[in-house]
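A.B. asks: One structure follows; several queries about it will come next.
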Amino acid sequence: MAGNYFWAGRTIKKLAWLIFLFPSTIYAQSKGPSLANGVLNLEWVNSAKGYQLNKISVFDKGAWVDLSAKPSGVFSVLYAADSASLGPSTAVEKAGNFPESIYRYVVPIWKQATASIPMNTAGQAIHFYPDQEKANQKELTFQKEMEQFTLTSSWAFDAQYPNDIKVTLKLKAKQAGYYAIASPELALFDKNNFKWATVPGVFQGNQLNANFVNAYAYGQGIPDVPVVVRERIASTLSPLVQNNQNITLAVIPEPGTDRDPWSFDKKTHGKWNVGLSVLNRKGNLMPTLYHPVLGQEKSYLAKNDSISFSFRYTIKAADWFEVMKHAANDVYQFKDVLMLKKTNASLTDRIFRMANYVVDDSLSMWQLAQYKNLQIGAQKYLGGVYGSEKDAMKNSDYGAMWMLARLTDNQKLISARLPDARNFKIAQQHPTKDFFYGASEGQYFLQNSKKFTEEWGPYTEPIGTTYYLMMDIGNMLLFDPQDQKLRAGLKLAADKLLSWMKADGSWEVAYDNKTAEPMFRDISDLRPTFYGLLIGYKILGDKKYLEAAKKGADWYITDAINKGAFIGVCGDTRFAPDFATAQGVQALLDLYDVDQDLKYKNAAIAAAKIYTASIYTHPISTSQEKWVEGVKRQDWEISQAGLSFEHGGIVGSANHHGPILLASHAGMFIRMFSLTKDSLFLTMSRAAAWGRDAFVDQKTGVASYYWDVMNKGAGPYPHHAWWQIGWITDYLMSELELRSRGQIIFPRGFITPKVGPHQSYGSAPGKVYGNPASLKLIDGLLKSDNPYLEHITAIDKKQRTCFLMLMNNSINQLSTTIHIDVTRIPGISGNSIKSASFIGQDGKKNPIKKGIKSLDIDMVPTGLQVIAIHY
């Protein structure tokens, strides 16, 4: 046995040398051509039908593994002689009456998505095997002459990525008409037995779903019909399947094939250059691309016209996430997305500008109203709301409101805004002792009709109680734990949520306000509704809430995360999956912090990986000059890469508006990087946060919400500024903790409704290298002309020490001069500084002897420096 093992080792070493010396072998055997490089092996046979794939093998852990999927090798081309042959644009019967007519944002998108071309019923499907081949040392070539066209394909390994086979298909038309070239069918995967499949950003799961609406509209599993989706909603261009051998096959279009969302001087986000599918036209489980898309630009060819299509197959013994990362990072160069980023203003500067905006009566649209003997206050909301006459009011991020008041000591905010915002929250809770007693009456207050309402109908959602009562009240109580009125409201809400929980740990999506009957029975509440009960436990201390939260989380893990099935919280899109999934990640992390059961941590990581498919990783950012509403911009300035969906998928806002600038997930992704050391989370966090000046209103510091409106600022959503203050603070504090290796840490509050998982800070002191300190935002304390320098302040009143925590938010070296106005430090007497020092990451102090009014700062890329000022 020992001798055999020794010689086996010698054989493996010899194979490694052969791979090094001869990285790929392309040759024709008597039985047919082969493509092999020591990592992959594809063999064809020449049959009566043509050249068929006979074997696909992957080298894994020292042995060759034959792909369990049945090899095929069928080529397909879609053809329509004229536009009339493309088929009618009628909705499919499987959809029933979905969506209801009141969903005016969804209806036209759904009609578009169920036309003949996306349903893959348009035109004639021509399937064939090639019958001519030739090989040389660089590539393998196949060809087929058909009545309508000639198709030639060339196959070669990628020299840099040995698990990738690069393919180029060239079609020459013999007859005029519309053509779509499909990537060939390499293998037939078992539709009843696979681990994961996805078109990232559209749908995902471990099974086919015969419920067409749930699968196609909500992305819950893979539709059992061969739909073709657009690149405008696909986050990473890599349809893939992972089988039960843990071998993943993906097909990835060559960069530049996909649409450019802003072509020189106009929005072209909706162009359709590439179709993506998990089931091919024959209904087989095989990731497939189409280019051009039938009936779309470049698909019409006159006789003798030609078109080519390049893509790659990745076949690797790895899970779906590793292969999707390869598509994003290596093929679409997402790992390099930060290299082009420049900025005109720091994120800290934006917070200070927005802090002024939110208390500016002329800009922030602050409204007051009388309701049930209370004066309530909120910001005007001009978006669509059920029953609104453009009179809706809304508060967004209570955690950020109370946080900003504590950090700035702004008296206008403290005395003229927070009391009325508190009253708004008290008035929001259902007061009548009936079925809805203790629940949230709705997100919005309508001034004309004097009532609270939900966004898109007369219903009450259990998650609304988690959101608009328990999250907000929980955050408020962290800053003011003695507010008995709020504590009583929290208990009432917790008991209501507990009473509505089903035996299995789930909730209904909503109840009709008139009949109290459940609504939306076609979908499940695949959202982190359980989080409210965790808040109830952490504030009120009753373990019944913790046990119920765990029960709800267990259901969520089993029915949502493990299946890749989610819904969202935006009523106007009928709860299409959205940032609630990211909240589920943070909710599970918070539960793990309390309960220490590893299943919650592992589930959070699994959900976070799924949520990376809500982040665009294409197209590749460049320095190409473009015009945006009369302003010259470089492509990277308006890039979608790194931005998240509000809601993607078939019916989400990403179809028309593209992604959003509100990056609530940025801090959570930093925390996820700390847990996993997976750099995709870190890159995605920074890509969302850095260099987004093209979308920021310079006067207010407020970024636009939707990508396609560019720098329109808050627009009709003034309350969004609070969310932006909240997520930016969460991101910066998470970076501080990461870069200090956990030695700068401040307690986080609760998740805020409803745009994602960011959390509040400042309700309790933290530690700076072991020193207790409280966060402060002090405008004018530090000035620098370098926009990459971020600064956060913390004060230790007892030791009379001010900590200035400086970060370089750049991948380049930073050198700048900072100016410190010590008179702005709270509690200081004149300029009486006793001493100052830099604190190293080991906690040791390096005295500053030259004075601190002006300091030269040098920082390594993404570096951190801390200055301690003793007064």
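Just so we're on the same page: first chain in the structure tokens is A, next is B, and so on; residues restart at 1 for each chain, and ligands are numbered from 1 in the order they show up.
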Write out as JSON, numbers by chain the set of residues from segment 429-531 of chain A that DSSP, computed on the backbone, places in strand (DSSP E or B).
C.D. replies: {"A": [429, 440, 444, 445, 446, 451, 452, 453, 459, 460, 510, 511, 512, 518, 519]}
A.B. asks: I need the residues from that last selection saved to file as a JSON list (two decimals), in the first residue's frame (with N, CA and C atoms), if you can.
C.D. replies:
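Dumped to out17.json:
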```json
[["chain", "number", "residue", "atom", "x", "y", "z"],
["A", 429, "GLN", "N", -49.36, 54.01, 16.79],
["A", 429, "GLN", "CA", -49.75, 52.72, 17.33],
["A", 429, "GLN", "C", -51.27, 52.62, 17.48],
["A", 440, "SER", "N", -48.88, 48.66, 14.39],
["A", 440, "SER", "CA", -48.68, 49.92, 13.68],
["A", 440, "SER", "C", -49.85, 50.18, 12.76],
["A", 444, "TYR", "N", -47.39, 56.08, 7.01],
["A", 444, "TYR", "CA", -47.62, 57.46, 6.59],
["A", 444, "TYR", "C", -48.81, 58.06, 7.32],
["A", 445, "PHE", "N", -48.71, 59.37, 7.56],
["A", 445, "PHE", "CA", -49.86, 60.11, 8.08],
["A", 445, "PHE", "C", -50.37, 61.03, 6.98],
["A", 446, "LEU", "N", -51.68, 60.97, 6.71],
["A", 446, "LEU", "CA", -52.30, 61.81, 5.71],
["A", 446, "LEU", "C", -52.92, 63.01, 6.42],
["A", 451, "LYS", "N", -55.35, 60.51, 9.17],
["A", 451, "LYS", "CA", -55.24, 59.08, 9.49],
["A", 451, "LYS", "C", -53.87, 58.55, 9.03],
["A", 452, "PHE", "N", -53.48, 57.45, 9.68],
["A", 452, "PHE", "CA", -52.28, 56.74, 9.25],
["A", 452, "PHE", "C", -52.67, 55.67, 8.23],
["A", 453, "THR", "N", -51.75, 55.38, 7.33],
["A", 453, "THR", "CA", -52.05, 54.39, 6.30],
["A", 453, "THR", "C", -50.77, 53.67, 5.89],
["A", 459, "TYR", "N", -54.41, 47.84, 4.65],
["A", 459, "TYR", "CA", -54.06, 46.60, 5.33],
["A", 459, "TYR", "C", -52.99, 46.86, 6.38],
["A", 460, "THR", "N", -52.79, 45.90, 7.26],
["A", 460, "THR", "CA", -51.80, 45.99, 8.33],
["A", 460, "THR", "C", -50.87, 44.78, 8.24],
["A", 510, "ALA", "N", -50.10, 40.15, 5.62],
["A", 510, "ALA", "CA", -50.90, 41.31, 5.99],
["A", 510, "ALA", "C", -52.32, 40.86, 6.34],
["A", 511, "TYR", "N", -53.03, 41.77, 7.03],
["A", 511, "TYR", "CA", -54.44, 41.57, 7.35],
["A", 511, "TYR", "C", -55.25, 42.74, 6.80],
["A", 512, "ASP", "N", -56.43, 42.43, 6.29],
["A", 512, "ASP", "CA", -57.34, 43.45, 5.81],
["A", 512, "ASP", "C", -57.83, 44.29, 7.00],
["A", 518, "PRO", "N", -56.65, 37.47, 6.60],
["A", 518, "PRO", "CA", -55.32, 37.50, 5.97],
["A", 518, "PRO", "C", -55.42, 37.89, 4.50],
["A", 519, "MET", "N", -54.39, 38.62, 4.04],
["A", 519, "MET", "CA", -54.29, 39.01, 2.64],
["A", 519, "MET", "C", -52.99, 38.47, 2.05]]
```
A.B. asks: Report as a ChimeraX atom specification all protein, DNA and RNA residues lying within 12 Å of Asp158 of chain A, evaluated on only C-alpha atoms, omitting residues in the same chain fewer than 6 positions from it.
C.D. replies: /A:23-24,36-37,39-40,138-139,164-167,311-314,330-331
A.B. asks: Write the residues you've just listed into a file as a tab-separated table (two decimals), in the first residue's frame, and include N, CA and C atoms for each of them.
C.D. replies:
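So the final result, stored in again25.tsv, reads:
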```tsv
chain	number	residue	atom	x	y	z
A	23	PRO	N	0.07	23.50	-21.01
A	23	PRO	CA	-1.13	23.89	-20.29
A	23	PRO	C	-2.43	23.46	-20.94
A	24	SER	N	-2.46	23.25	-22.24
A	24	SER	CA	-3.69	22.76	-22.86
A	24	SER	C	-3.35	21.92	-24.07
A	36	ALA	N	-8.50	19.51	-23.53
A	36	ALA	CA	-8.04	19.13	-22.20
A	36	ALA	C	-6.86	20.00	-21.79
A	37	ASN	N	-6.78	20.30	-20.50
A	37	ASN	CA	-5.64	21.11	-20.01
A	37	ASN	C	-5.14	20.68	-18.63
A	39	VAL	N	-6.99	20.31	-16.06
A	39	VAL	CA	-8.02	20.71	-15.10
A	39	VAL	C	-9.40	20.34	-15.61
A	40	LEU	N	-9.60	20.56	-16.90
A	40	LEU	CA	-10.85	20.19	-17.55
A	40	LEU	C	-10.57	19.25	-18.72
A	138	LYS	N	-4.00	25.95	-30.63
A	138	LYS	CA	-4.64	27.06	-29.92
A	138	LYS	C	-6.12	26.87	-29.71
A	139	GLU	N	-6.81	26.25	-30.68
A	139	GLU	CA	-8.25	26.19	-30.54
A	139	GLU	C	-8.84	25.03	-31.34
A	164	ASP	N	-11.83	27.88	-17.29
A	164	ASP	CA	-12.65	28.63	-18.24
A	164	ASP	C	-12.36	28.20	-19.68
A	165	ILE	N	-13.44	27.97	-20.41
A	165	ILE	CA	-13.34	27.70	-21.85
A	165	ILE	C	-13.96	28.87	-22.58
A	166	LYS	N	-13.15	29.56	-23.37
A	166	LYS	CA	-13.64	30.71	-24.13
A	166	LYS	C	-14.17	30.24	-25.48
A	167	VAL	N	-15.36	30.72	-25.80
A	167	VAL	CA	-16.04	30.28	-27.03
A	167	VAL	C	-16.46	31.51	-27.82
A	311	PHE	N	-18.25	34.33	-25.34
A	311	PHE	CA	-18.58	34.08	-23.95
A	311	PHE	C	-17.63	33.03	-23.42
A	312	ARG	N	-17.81	32.64	-22.18
A	312	ARG	CA	-16.99	31.57	-21.61
A	312	ARG	C	-17.85	30.68	-20.73
A	313	TYR	N	-17.46	29.42	-20.70
A	313	TYR	CA	-18.00	28.50	-19.70
A	313	TYR	C	-16.98	28.41	-18.57
A	314	THR	N	-17.46	28.49	-17.35
A	314	THR	CA	-16.65	28.15	-16.19
A	314	THR	C	-17.20	26.86	-15.62
A	330	ASP	N	-13.02	38.48	-11.72
A	330	ASP	CA	-11.99	38.19	-12.71
A	330	ASP	C	-12.42	38.56	-14.13
A	331	VAL	N	-13.63	38.17	-14.50
A	331	VAL	CA	-14.07	38.44	-15.87
A	331	VAL	C	-14.51	39.91	-16.01
```
A.B. asks: Residues of segment 713-828 of chain A within 6 Å of segment 379-396 of chain A: nearest atom pair and distance (Å, one decimal) for each, counting only C-alpha atoms, sorted by chain and number, as a Markdown table?
C.D. replies:
```
| residue | atom | partner | partner_atom | distance |
| --- | --- | --- | --- | --- |
| A:Pro716 | CA | A:Leu382 | CA | 5.0 |
| A:Tyr717 | CA | A:Tyr381 | CA | 5.8 |
| A:His719 | CA | A:Ser396 | CA | 5.9 |
```
A.B. asks: If we count only C-alpha atoms, what is near Ala439 of chain A at a cut-off of 12 Å, once residues fewer than 3 positions away on the same chain are taken out, given as a ChimeraX atom specification?
C.D. replies: /A:425-436,442-443,452,459-470,489-500,510-511,513,532
A.B. asks: Hey, which bits of segment 309-378 of chain A sit within 12 Å of segment 66-76 of chain A, and for each residue what's the closest pair of atoms and how far apart in Å (one decimal), counting only C-alpha atoms, rows by chain and increasing number, as CSV?
C.D. replies:
```
residue,atom,partner,partner_atom,distance
A:Ile315,CA,A:Leu67,CA,9.5
A:Lys316,CA,A:Leu67,CA,10.2
A:Ala317,CA,A:Leu67,CA,9.9
```
A.B. asks: So which one's closest to Arg281 of chain A, A:Val628, A:Leu781, A:Val227, A:Ala549? Using only C-alpha atoms, please.
C.D. replies: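 Of A:Val628, A:Leu781, A:Val227, A:Ala549, the one nearest Arg281 of chain A, counting only C-alpha atoms, is A:Val227.
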A.B. asks: When you count only C-alpha atoms, which of these residues is closest to Asp697 of chain A: A:Phe98, A:Phe128, A:Tyr332, A:Tyr357?
C.D. replies: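 Selected residue with least distance to Asp697 of chain A: A:Tyr357.
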A.B. asks: From the list A:Gly780, A:Gly713, A:Pro765, A:Gly219, which residue is nearest Gly568 of chain A when using only C-alpha atoms?
C.D. replies: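 Of A:Gly780, A:Gly713, A:Pro765, A:Gly219, the one nearest Gly568 of chain A, counting only C-alpha atoms, is A:Gly219.
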A.B. asks: Could you find all residues in segment 151-308 of chain A that DSSP calls alpha helix (DSSP H) from the backbone, and write them as a PyMOL selection string?
C.D. replies: chain A and resi 212-216
A.B. asks: Only C-alpha atoms, please: the residues just picked out, written as an mmCIF file, in the first residue's frame.
C.D. replies:
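Result saved to again-v4.cif:
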```cif
data_model
loop_
_atom_site.group_PDB
_atom_site.id
_atom_site.type_symbol
_atom_site.label_atom_id
_atom_site.label_comp_id
_atom_site.auth_asym_id
_atom_site.auth_seq_id
_atom_site.Cartn_x
_atom_site.Cartn_y
_atom_site.Cartn_z
ATOM 1 C CA PHE A 212 -44.867 30.643 -12.069
ATOM 2 C CA VAL A 213 -45.557 33.926 -10.284
ATOM 3 C CA ASN A 214 -43.604 33.022 -7.156
ATOM 4 C CA ALA A 215 -40.643 31.823 -9.191
ATOM 5 C CA TYR A 216 -40.594 34.451 -11.939
#
```
A.B. asks: So the first atom is atom CA of Lys325 of chain A and the second is atom CA of Arg259 of chain A; what is the distance between them in Å, to one decimal place?
C.D. replies: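 The value is 20.4 Å.
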A.B. asks: From the set A:Ala868, A:Leu589, A:Leu347, A:Ile102, which residue has the shortest atom-to-atom contact distance to Ile751 of chain A, counting only C-alpha atoms?
C.D. replies: A:Leu589
A.B. asks: Using only C-alpha atoms for the distances, tell me which of A:Ile117, A:Ala173, A:Met807, A:Ile818 is nearest to Asp856 of chain A.
C.D. replies: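 Ranking A:Ile117, A:Ala173, A:Met807, A:Ile818 by distance to Asp856 of chain A, first place goes to A:Ile818.
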A.B. asks: For Ser679 of chain A, list every protein, DNA or RNA residue within 10 Å, evaluated using only C-alpha atoms, and leave out those in the same chain fewer than 4 positions away; present the list as a list in words.
C.D. replies: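 The filter keeps Lys325, Lys335, Phe669, Ile670, Met672, Phe673, Ser674, Thr683, Met684 and Ser685 of chain A.
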A.B. asks: With N, CA, C and O atoms retained, write the just-selected residues as a PDB file, in the first residue's frame.
C.D. replies:
```
ATOM      1  N   LYS A 325     -18.395  34.829  -7.944  1.00  0.00           N
ATOM      2  CA  LYS A 325     -17.318  35.781  -7.633  1.00  0.00           C
ATOM      3  C   LYS A 325     -16.299  35.834  -8.764  1.00  0.00           C
ATOM      4  O   LYS A 325     -15.785  36.915  -9.093  1.00  0.00           O
ATOM      5  N   LYS A 335     -13.107  43.399  -8.833  1.00  0.00           N
ATOM      6  CA  LYS A 335     -12.125  43.521  -7.754  1.00  0.00           C
ATOM      7  C   LYS A 335     -11.251  44.762  -7.929  1.00  0.00           C
ATOM      8  O   LYS A 335     -10.612  45.209  -6.977  1.00  0.00           O
ATOM      9  N   PHE A 669     -21.817  44.664   5.320  1.00  0.00           N
ATOM     10  CA  PHE A 669     -20.853  43.940   4.500  1.00  0.00           C
ATOM     11  C   PHE A 669     -19.439  44.046   5.091  1.00  0.00           C
ATOM     12  O   PHE A 669     -18.647  43.108   4.963  1.00  0.00           O
ATOM     13  N   ILE A 670     -19.113  45.175   5.723  1.00  0.00           N
ATOM     14  CA  ILE A 670     -17.822  45.260   6.425  1.00  0.00           C
ATOM     15  C   ILE A 670     -17.794  44.239   7.557  1.00  0.00           C
ATOM     16  O   ILE A 670     -16.793  43.523   7.754  1.00  0.00           O
ATOM     17  N   MET A 672     -19.489  41.517   7.706  1.00  0.00           N
ATOM     18  CA  MET A 672     -19.445  40.194   7.100  1.00  0.00           C
ATOM     19  C   MET A 672     -18.033  39.856   6.635  1.00  0.00           C
ATOM     20  O   MET A 672     -17.587  38.705   6.752  1.00  0.00           O
ATOM     21  N   PHE A 673     -17.297  40.839   6.141  1.00  0.00           N
ATOM     22  CA  PHE A 673     -15.904  40.603   5.781  1.00  0.00           C
ATOM     23  C   PHE A 673     -15.088  40.222   7.022  1.00  0.00           C
ATOM     24  O   PHE A 673     -14.226  39.326   6.958  1.00  0.00           O
ATOM     25  N   SER A 674     -15.356  40.871   8.135  1.00  0.00           N
ATOM     26  CA  SER A 674     -14.649  40.540   9.366  1.00  0.00           C
ATOM     27  C   SER A 674     -14.896  39.087   9.767  1.00  0.00           C
ATOM     28  O   SER A 674     -13.999  38.424  10.292  1.00  0.00           O
ATOM     29  N   THR A 683     -15.047  44.807  -0.916  1.00  0.00           N
ATOM     30  CA  THR A 683     -15.059  45.577  -2.159  1.00  0.00           C
ATOM     31  C   THR A 683     -16.447  46.135  -2.432  1.00  0.00           C
ATOM     32  O   THR A 683     -16.599  47.297  -2.829  1.00  0.00           O
ATOM     33  N   MET A 684     -17.482  45.317  -2.214  1.00  0.00           N
ATOM     34  CA  MET A 684     -18.837  45.794  -2.460  1.00  0.00           C
ATOM     35  C   MET A 684     -19.205  46.942  -1.529  1.00  0.00           C
ATOM     36  O   MET A 684     -19.879  47.896  -1.941  1.00  0.00           O
ATOM     37  N   SER A 685     -18.779  46.863  -0.278  1.00  0.00           N
ATOM     38  CA  SER A 685     -19.080  47.936   0.666  1.00  0.00           C
ATOM     39  C   SER A 685     -18.434  49.240   0.224  1.00  0.00           C
ATOM     40  O   SER A 685     -19.091  50.286   0.150  1.00  0.00           O
TER      41      SER A 685
END
```
A.B. asks: For Arg230 of chain A, work out the shell of residues within 8 Å, counting only C-alpha atoms and skipping chain neighbours fewer than 6 positions away, then give it as a list in words.
C.D. replies: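 Once the nearby chain positions are removed, what remains is Trp272, Asn273, Val274, Gly275 and Leu276 of chain A.
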